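Just start-v4.pdb here, PDB, C-alpha atoms:
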```pdb
ATOM      1  CA  MET A   1    -109.613  61.718-114.491
ATOM      2  CA  THR A   2    -111.013  58.720-112.612
ATOM      3  CA  LYS A   3    -112.240  58.493-109.047
ATOM      4  CA  ALA A   4    -110.937  56.030-106.498
ATOM      5  CA  THR A   5    -112.692  55.491-103.191
ATOM      6  CA  ASN A   6    -110.570  55.591-100.055
ATOM      7  CA  ASN A   7    -112.298  55.221 -96.662
ATOM      8  CA  GLY A   8    -115.559  56.415 -98.137
ATOM      9  CA  SER A   9    -114.121  59.492 -99.849
ATOM     10  CA  ALA A  10    -113.481  60.033-103.533
ATOM     11  CA  VAL A  11    -109.843  60.482-104.490
ATOM     12  CA  ALA A  12    -108.959  61.824-107.927
ATOM     13  CA  ARG A  13    -106.094  60.119-109.745
ATOM     14  CA  LYS A  14    -104.753  60.077-113.262
ATOM     15  CA  PRO A  15    -105.575  57.237-115.659
ATOM     16  CA  GLY A  16    -102.759  54.715-115.745
ATOM     17  CA  SER A  17    -101.578  55.492-112.227
ATOM     18  CA  ASN A  18    -101.915  53.643-108.952
ATOM     19  CA  GLU A  19    -103.213  55.069-105.689
ATOM     20  CA  SER A  20     -99.858  56.689-104.935
ATOM     21  CA  GLY A  21     -99.912  58.594-108.213
ATOM     22  CA  ILE A  22     -97.096  56.513-109.751
ATOM     23  CA  ILE A  23     -97.620  55.836-113.431
ATOM     24  CA  VAL A  24     -98.324  52.146-114.051
ATOM     25  CA  LEU A  25     -96.440  51.345-117.241
ATOM     26  CA  ASP A  26     -97.499  47.687-117.141
ATOM     27  CA  GLU A  27    -100.714  48.818-118.815
ATOM     28  CA  ILE A  28     -98.701  49.451-121.996
ATOM     29  CA  HIS A  29     -98.455  45.684-122.465
ATOM     30  CA  GLN A  30    -102.251  45.507-122.657
ATOM     31  CA  LEU A  31    -102.339  47.701-125.765
ATOM     32  CA  ASP A  32    -102.988  46.142-129.171
ATOM     33  CA  ASN A  33    -101.317  46.749-132.524
ATOM     34  CA  ILE A  34     -97.864  47.564-131.127
ATOM     35  CA  ASP A  35     -94.608  45.601-131.091
ATOM     36  CA  ILE A  36     -93.063  47.012-127.923
ATOM     37  CA  ASP A  37     -89.550  45.605-128.444
ATOM     38  CA  THR A  38     -89.381  46.958-132.000
ATOM     39  CA  GLU A  39     -90.719  50.360-130.977
ATOM     40  CA  VAL A  40     -88.203  50.705-128.137
ATOM     41  CA  ALA A  41     -85.305  49.639-130.380
ATOM     42  CA  THR A  42     -86.328  52.180-133.028
ATOM     43  CA  MET A  43     -86.785  54.898-130.410
ATOM     44  CA  VAL A  44     -83.173  54.689-129.193
ATOM     45  CA  GLU A  45     -81.365  53.739-132.401
ATOM     46  CA  ASN A  46     -79.965  57.260-132.907
ATOM     47  CA  ILE A  47     -79.098  57.780-129.242
ATOM     48  CA  PRO A  48     -75.633  56.766-127.962
ATOM     49  CA  PRO A  49     -75.945  53.407-126.176
ATOM     50  CA  SER A  50     -76.142  53.450-122.393
ATOM     51  CA  LEU A  51     -74.847  50.237-120.880
ATOM     52  CA  VAL A  52     -75.264  48.915-117.374
ATOM     53  CA  ARG A  53     -72.330  50.032-115.231
ATOM     54  CA  ILE A  54     -70.447  48.574-112.303
ATOM     55  CA  ARG A  55     -69.704  51.299-109.769
ATOM     56  CA  ILE A  56     -67.956  51.597-106.414
ATOM     57  CA  ASP A  57     -69.112  53.615-103.432
ATOM     58  CA  HIS A  58     -66.017  54.392-101.335
ATOM     59  CA  SER A  59     -66.664  54.556 -97.599
ATOM     60  CA  PRO A  60     -64.530  56.321 -94.955
ATOM     61  CA  SER A  61     -65.433  53.461 -92.595
ATOM     62  CA  GLY A  62     -64.005  50.852 -94.972
ATOM     63  CA  ARG A  63     -67.412  49.376 -95.799
ATOM     64  CA  HIS A  64     -67.018  49.952 -99.515
ATOM     65  CA  ARG A  65     -69.801  48.953-101.867
ATOM     66  CA  MET A  66     -69.653  47.567-105.398
ATOM     67  CA  PHE A  67     -72.996  47.785-107.171
ATOM     68  CA  ILE A  68     -74.725  47.451-110.523
ATOM     69  CA  ASP A  69     -76.096  50.737-111.854
ATOM     70  CA  SER A  70     -78.785  50.055-114.458
ATOM     71  CA  GLY A  71     -79.797  53.696-114.825
ATOM     72  CA  GLU A  72     -83.070  55.356-113.910
ATOM     73  CA  SER A  73     -86.368  54.263-115.423
ATOM     74  CA  TYR A  74     -90.073  55.010-114.967
ATOM     75  CA  ASP A  75     -90.730  51.543-113.557
ATOM     76  CA  PRO A  76     -91.099  51.752-109.740
ATOM     77  CA  GLU A  77     -90.404  48.013-109.510
ATOM     78  CA  ASN A  78     -87.055  48.391-111.254
ATOM     79  CA  ASP A  79     -84.207  48.729-108.752
ATOM     80  CA  ASP A  80     -81.592  50.740-110.621
ATOM     81  CA  GLN A  81     -78.873  49.933-108.052
ATOM     82  CA  VAL A  82     -78.189  46.350-107.001
ATOM     83  CA  ASP A  83     -75.312  45.344-104.727
ATOM     84  CA  VAL A  84     -72.714  42.951-106.131
ATOM     85  CA  PRO A  85     -72.546  39.999-103.697
ATOM     86  CA  ASN A  86     -69.426  40.120-101.507
ATOM     87  CA  ASN A  87     -68.053  42.968-103.657
ATOM     88  CA  VAL A  88     -66.785  40.417-106.184
ATOM     89  CA  PHE A  89     -67.809  39.931-109.785
ATOM     90  CA  THR A  90     -66.340  37.951-112.652
ATOM     91  CA  GLY A  91     -66.473  38.281-116.404
ATOM     92  CA  ILE A  92     -64.645  38.365-119.711
ATOM     93  CA  VAL A  93     -62.908  41.641-120.511
ATOM     94  CA  VAL A  94     -64.085  42.049-124.082
ATOM     95  CA  TYR A  95     -62.457  45.400-124.755
ATOM     96  CA  SER A  96     -60.484  48.013-122.840
ATOM     97  CA  GLN A  97     -59.676  51.666-123.412
ATOM     98  CA  THR A  98     -57.721  54.365-121.621
ATOM     99  CA  VAL A  99     -59.998  57.392-121.407
ATOM    100  CA  SER A 100     -58.786  60.832-120.355
ATOM    101  CA  ALA A 101     -60.736  64.003-119.697
ATOM    102  CA  LEU A 102     -60.569  67.409-118.103
ATOM    103  CA  TRP A 103     -64.139  68.057-117.044
ATOM    104  CA  VAL A 104     -65.224  71.077-115.025
ATOM    105  CA  GLU A 105     -68.298  70.933-112.806
ATOM    106  CA  GLY A 106     -71.357  72.492-114.412
ATOM    107  CA  GLU A 107     -70.058  72.159-117.975
ATOM    108  CA  GLN A 108     -71.795  69.888-120.477
ATOM    109  CA  ILE A 109     -68.702  68.726-122.361
ATOM    110  CA  PRO A 110     -65.070  68.213-121.324
ATOM    111  CA  ARG A 111     -62.498  70.869-122.119
ATOM    112  CA  TYR A 112     -60.207  68.069-123.229
ATOM    113  CA  SER A 113     -60.721  64.363-123.839
ATOM    114  CA  ALA A 114     -58.851  61.481-125.423
ATOM    115  CA  ILE A 115     -59.276  57.742-125.945
ATOM    116  CA  ASP A 116     -56.125  55.619-126.054
ATOM    117  CA  GLY A 117     -54.103  58.788-126.608
ATOM    118  CA  LYS A 118     -56.185  59.987-129.558
ATOM    119  CA  VAL A 119     -57.666  63.415-128.830
ATOM    120  CA  THR A 120     -61.456  63.501-129.213
ATOM    121  CA  SER A 121     -62.059  67.088-128.044
ATOM    122  CA  GLY A 122     -59.969  70.119-127.111
ATOM    123  CA  VAL A 123     -57.390  69.603-129.856
ATOM    124  CA  GLY A 124     -54.283  71.692-129.208
ATOM    125  CA  SER A 125     -55.058  72.210-125.518
ATOM    126  CA  GLU A 126     -51.713  71.057-124.119
ATOM    127  CA  ILE A 127     -52.373  72.672-120.738
ATOM    128  CA  HIS A 128     -55.742  70.945-120.430
ATOM    129  CA  ALA A 129     -54.217  67.648-121.556
ATOM    130  CA  ALA A 130     -51.719  67.843-118.702
ATOM    131  CA  GLN A 131     -54.582  68.366-116.231
ATOM    132  CA  ALA A 132     -56.731  65.533-117.591
ATOM    133  CA  LYS A 133     -57.696  62.595-115.395
ATOM    134  CA  ASP A 134     -57.032  59.099-116.723
ATOM    135  CA  LYS A 135     -59.262  56.071-116.308
ATOM    136  CA  VAL A 136     -59.374  52.612-117.827
ATOM    137  CA  ARG A 137     -62.765  51.791-119.333
ATOM    138  CA  LEU A 138     -63.452  48.058-119.398
ATOM    139  CA  PHE A 139     -66.264  46.393-121.319
ATOM    140  CA  VAL A 140     -66.949  43.185-119.438
ATOM    141  CA  LEU A 141     -69.181  40.280-120.435
ATOM    142  CA  THR A 142     -70.472  39.089-117.094
ATOM    143  CA  PHE A 143     -72.930  36.457-115.922
ATOM    144  CA  LEU A 144     -74.160  37.971-112.659
ATOM    145  CA  ASN A 145     -77.690  36.597-113.066
ATOM    146  CA  SER A 146     -76.706  33.481-115.028
ATOM    147  CA  LYS A 147     -77.379  35.452-118.216
ATOM    148  CA  PRO A 148     -74.752  37.158-120.395
ATOM    149  CA  LEU A 149     -74.673  40.911-119.841
ATOM    150  CA  LEU A 150     -72.218  43.473-121.214
ATOM    151  CA  VAL A 151     -71.324  46.062-118.571
ATOM    152  CA  VAL A 152     -68.974  49.042-118.355
ATOM    153  CA  PHE A 153     -66.501  49.131-115.496
ATOM    154  CA  ASN A 154     -64.335  52.247-115.167
ATOM    155  CA  LEU A 155     -61.170  51.897-113.131
ATOM    156  CA  SER A 156     -60.012  54.978-111.242
ATOM    157  CA  PRO A 157     -56.353  56.086-111.303
ATOM    158  CA  THR A 158     -55.569  54.207-108.072
ATOM    159  CA  SER A 159     -56.799  50.922-109.587
ATOM    160  CA  ILE A 160     -55.224  51.248-113.031
ATOM    161  CA  LYS A 161     -51.923  49.818-111.797
ATOM    162  CA  HIS A 162     -53.658  46.606-110.695
ATOM    163  CA  TRP A 163     -55.284  46.176-114.104
ATOM    164  CA  ARG A 164     -52.022  46.783-115.959
ATOM    165  CA  ASN A 165     -50.202  44.343-113.702
ATOM    166  CA  HIS A 166     -52.932  41.777-114.457
ATOM    167  CA  VAL A 167     -52.515  42.355-118.207
ATOM    168  CA  GLN A 168     -48.733  42.005-117.966
ATOM    169  CA  ARG A 169     -49.054  38.719-116.082
ATOM    170  CA  LEU A 170     -51.491  37.450-118.713
ATOM    171  CA  ALA A 171     -49.096  38.465-121.488
ATOM    172  CA  ARG A 172     -46.203  36.627-119.852
ATOM    173  CA  SER A 173     -48.481  33.578-119.596
ATOM    174  CA  LYS A 174     -49.458  33.825-123.296
ATOM    175  CA  ALA A 175     -53.096  34.199-122.210
ATOM    176  CA  PRO A 176     -55.268  36.838-123.950
ATOM    177  CA  ALA A 177     -57.596  38.684-121.570
ATOM    178  CA  ILE A 178     -60.577  37.706-123.713
ATOM    179  CA  ALA A 179     -59.745  34.015-123.191
ATOM    180  CA  VAL A 180     -60.062  34.054-119.395
ATOM    181  CA  ILE A 181     -62.647  34.947-116.787
ATOM    182  CA  THR A 182     -61.239  37.824-114.743
ATOM    183  CA  ARG A 183     -62.174  38.169-111.087
ATOM    184  CA  PHE A 184     -62.631  41.712-109.772
ATOM    185  CA  SER A 185     -62.594  42.324-106.026
ATOM    186  CA  LEU A 186     -62.044  45.257-103.669
ATOM    187  CA  ASP A 187     -59.055  45.954-101.437
ATOM    188  CA  ASP A 188     -59.495  48.366 -98.538
ATOM    189  CA  ILE A 189     -56.715  50.978 -98.544
ATOM    190  CA  GLN A 190     -56.079  53.452 -95.741
ATOM    191  CA  ARG A 191     -53.358  56.072 -95.644
ATOM    192  CA  ASN A 192     -53.325  58.800 -93.032
ATOM    193  CA  SER A 193     -56.883  60.140 -92.838
ATOM    194  CA  TYR A 194     -57.893  58.851 -96.285
ATOM    195  CA  ARG A 195     -59.622  55.533 -96.965
ATOM    196  CA  TRP A 196     -60.718  54.115-100.295
ATOM    197  CA  ALA A 197     -61.182  50.903-102.279
ATOM    198  CA  GLU A 198     -58.906  49.672-105.033
ATOM    199  CA  VAL A 199     -59.921  47.064-107.592
ATOM    200  CA  ASN A 200     -57.846  43.896-107.593
ATOM    201  CA  CYS A 201     -57.770  41.634-110.673
ATOM    202  CA  SER A 202     -57.022  37.920-110.933
ATOM    203  CA  VAL A 203     -57.804  34.928-113.148
ATOM    204  CA  GLU A 204     -60.854  32.846-112.252
ATOM    205  CA  ARG A 205     -60.690  30.283-115.078
ATOM    206  CA  VAL A 206     -60.365  29.789-118.829
ATOM    207  CA  VAL A 207     -63.474  30.610-120.876
ATOM    208  CA  SER A 208     -65.564  28.008-122.664
ATOM    209  CA  GLN A 209     -65.723  28.005-126.450
ATOM    210  CA  GLU A 210     -69.302  29.290-126.342
ATOM    211  CA  GLU A 211     -68.313  32.155-124.028
ATOM    212  CA  LEU A 212     -65.387  33.046-126.277
ATOM    213  CA  ASP A 213     -67.586  33.171-129.383
ATOM    214  CA  VAL A 214     -69.985  35.607-127.692
ATOM    215  CA  ALA A 215     -67.130  37.760-126.377
ATOM    216  CA  MET A 216     -65.421  37.985-129.773
ATOM    217  CA  SER A 217     -68.615  39.156-131.467
ATOM    218  CA  LEU A 218     -69.152  41.787-128.770
ATOM    219  CA  ARG A 219     -65.582  43.063-129.107
ATOM    220  CA  ASP A 220     -66.130  43.977-132.744
ATOM    221  CA  GLU A 221     -69.311  45.810-131.746
ATOM    222  CA  CYS A 222     -67.496  47.729-128.986
ATOM    223  CA  ARG A 223     -64.750  48.848-131.362
ATOM    224  CA  GLN A 224     -67.306  50.270-133.778
ATOM    225  CA  THR A 225     -69.666  51.815-131.227
ATOM    226  CA  PHE A 226     -67.771  53.215-128.259
ATOM    227  CA  GLY A 227     -65.495  55.834-129.749
ATOM    228  CA  VAL A 228     -66.670  58.685-127.533
ATOM    229  CA  ILE A 229     -66.425  59.593-123.864
ATOM    230  CA  SER A 230     -69.711  59.810-121.996
ATOM    231  CA  ASP A 231     -70.505  62.091-119.077
ATOM    232  CA  GLN A 232     -71.158  58.861-117.152
ATOM    233  CA  ASP A 233     -67.466  58.020-117.494
ATOM    234  CA  PHE A 234     -66.555  61.007-115.334
ATOM    235  CA  ASP A 235     -69.377  61.428-112.834
ATOM    236  CA  ASP A 236     -67.823  59.820-109.759
ATOM    237  CA  PRO A 237     -66.826  62.024-106.796
ATOM    238  CA  GLY A 238     -63.614  63.879-107.593
ATOM    239  CA  ASP A 239     -63.806  63.290-111.349
ATOM    240  CA  ARG A 240     -64.566  66.916-112.185
ATOM    241  CA  LEU A 241     -62.720  70.064-111.262
ATOM    242  CA  LYS A 242     -64.374  72.922-109.493
ATOM    243  CA  GLU A 243     -64.265  76.124-111.512
ATOM    244  CA  GLU A 244     -62.137  77.865-108.876
ATOM    245  CA  ASP A 245     -59.556  75.051-109.022
ATOM    246  CA  ASN A 246     -59.106  75.341-112.766
TER
END
```
Would you encode the structure as structure tokens?
Amino acid sequence: MTKATNNGSAVARKPGSNESGIIVLDEIHQLDNIDIDTEVATMVENIPPSLVRIRIDHSPSGRHRMFIDSGESYDPENDDQVDVPNNVFTGIVVYSQTVSALWVEGEQIPRYSAIDGKVTSGVGSEIHAAQAKDKVRLFVLTFLNSKPLLVVFNLSPTSIKHWRNHVQRLARSKAPAIAVITRFSLDDIQRNSYRWAEVNCSVERVVSQEELDVAMSLRDECRQTFGVISDQDFDDPGDRLKEEDN
């Protein structure tokens, strides 16, 4: 334990922390005989990947918010939630899946889940299957900070129709989704006393050859890696049933 002087008095604080008691992880980079990137990659190689996610905060006032959720870290300088400018982002839809789950609050795993109609848990639970909530899980190669970044964007049931309409229009135009930049924006919807945001999809432009090459390589990786449903796929408000409702 070291001593820091504050207004003439000695204040005890832990090594590697600042005056507020927050651990200063920057000091790790001052250590010798360690390849930090290699160590981190090895540390998480047997843990299911956790990608950056695009999320929507629905507001009863109509001031909906689309933001980037990078996940929590120990770095106080790392802002895990960053607003998407003007609630609009663009990217290449590398891969898409329909994910379904019946998840009850307080339970660690879903009682039923399926990906593209293939049951992944709760086999034989026809009643649970009928109660399951559907989402579309998009893997999008975006360039929000002028750098390629693969993000997950889950579309809620009210937005699925817009995505499917977008796909149908692309199909009629003989344009694969991976060959265009898709623009995602929010529409404010209000019916009776309810107000929410729906995701609208449109074409921004055709991809470059370089962008297509990156997207194609990522699609193969997505197919091999993301064959499970994560609890992060169903952690938005209303995604999980209360025990008394089940």
Picked residues, the PyMOL selection byres ((chain A and resi 121) around 8), expected as a list in words: Pro110, Arg111, Tyr112, Ser113, Ala114, Val119, Thr120, Gly122 and Val123 of chain A
Selection result for the PyMOL selection byres ((chain A and resi 84) around 6) on this file, as a PDB file with C-alpha atoms, in the frame of the given file:
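Now in selection_27.pdb:
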```pdb
ATOM      1  CA  MET A  66     -69.653  47.567-105.398  1.00  0.00           C
ATOM      2  CA  PHE A  67     -72.996  47.785-107.171  1.00  0.00           C
ATOM      3  CA  ASP A  83     -75.312  45.344-104.727  1.00  0.00           C
ATOM      4  CA  PRO A  85     -72.546  39.999-103.697  1.00  0.00           C
ATOM      5  CA  ASN A  87     -68.053  42.968-103.657  1.00  0.00           C
TER       6      ASN A  87
END
```
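Taking only C-alpha atoms into account, A:Asn145 lies nearest to A:Phe89 out of the set A:Phe89, A:Trp196, A:Phe184, A:Tyr95.
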To verify the selection step, state as number ranges by chain which residues the PyMOL selection byres ((chain A and resi 159-171) around 12) yields on this input. A: 56, 93, 96-99, 133-138, 153-158, 172-189, 196-203, 206
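Of the residues under consideration (A:Asp116, A:Ile92, A:Glu27, A:Pro148), A:Ile92 shows the shortest atom-to-atom contact distance to A:Arg205 when counting all atoms listed in the file.
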Residues within 10 Å of A:Val152, all atoms listed in the file, excluding chain neighbours under 6 positions, as a PyMOL selection string: chain A and resi 50-55+68-69+93+95-96+137-141+233
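Of the listed residues (A:Ser208, A:Pro60, A:Tyr74, A:Ser146), A:Tyr74 comes nearest to A:Asp26; the distances count all atoms listed in the file.
Distances from A:Asp35, A:Glu105, A:Glu126, A:Glu204 to A:Thr90 were compared using only C-alpha atoms, and the smallest one belongs to A:Glu204.
Among the candidate residues A:Val94, A:Glu243, A:Gly106, A:Phe143, the one lying nearest to A:Asp220 is A:Val94, with distances computed using only C-alpha atoms.
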Tell me which of A:Thr142, A:Gln131, A:Thr42, A:Ser70 sits closest to A:Gly91, counting all atoms listed in the file. A:Thr142
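Take atom CA of A:Ser73 and atom CA of A:Gln224: the distance between them is 26.8 Å.
Note that the spacing between atom CA of A:Ser230 and atom CA of A:His128 amounts to 17.9 Å.
The interatomic distance for the pair atom CA of A:Arg63 and atom CA of A:Arg195 works out to 10.0 Å.
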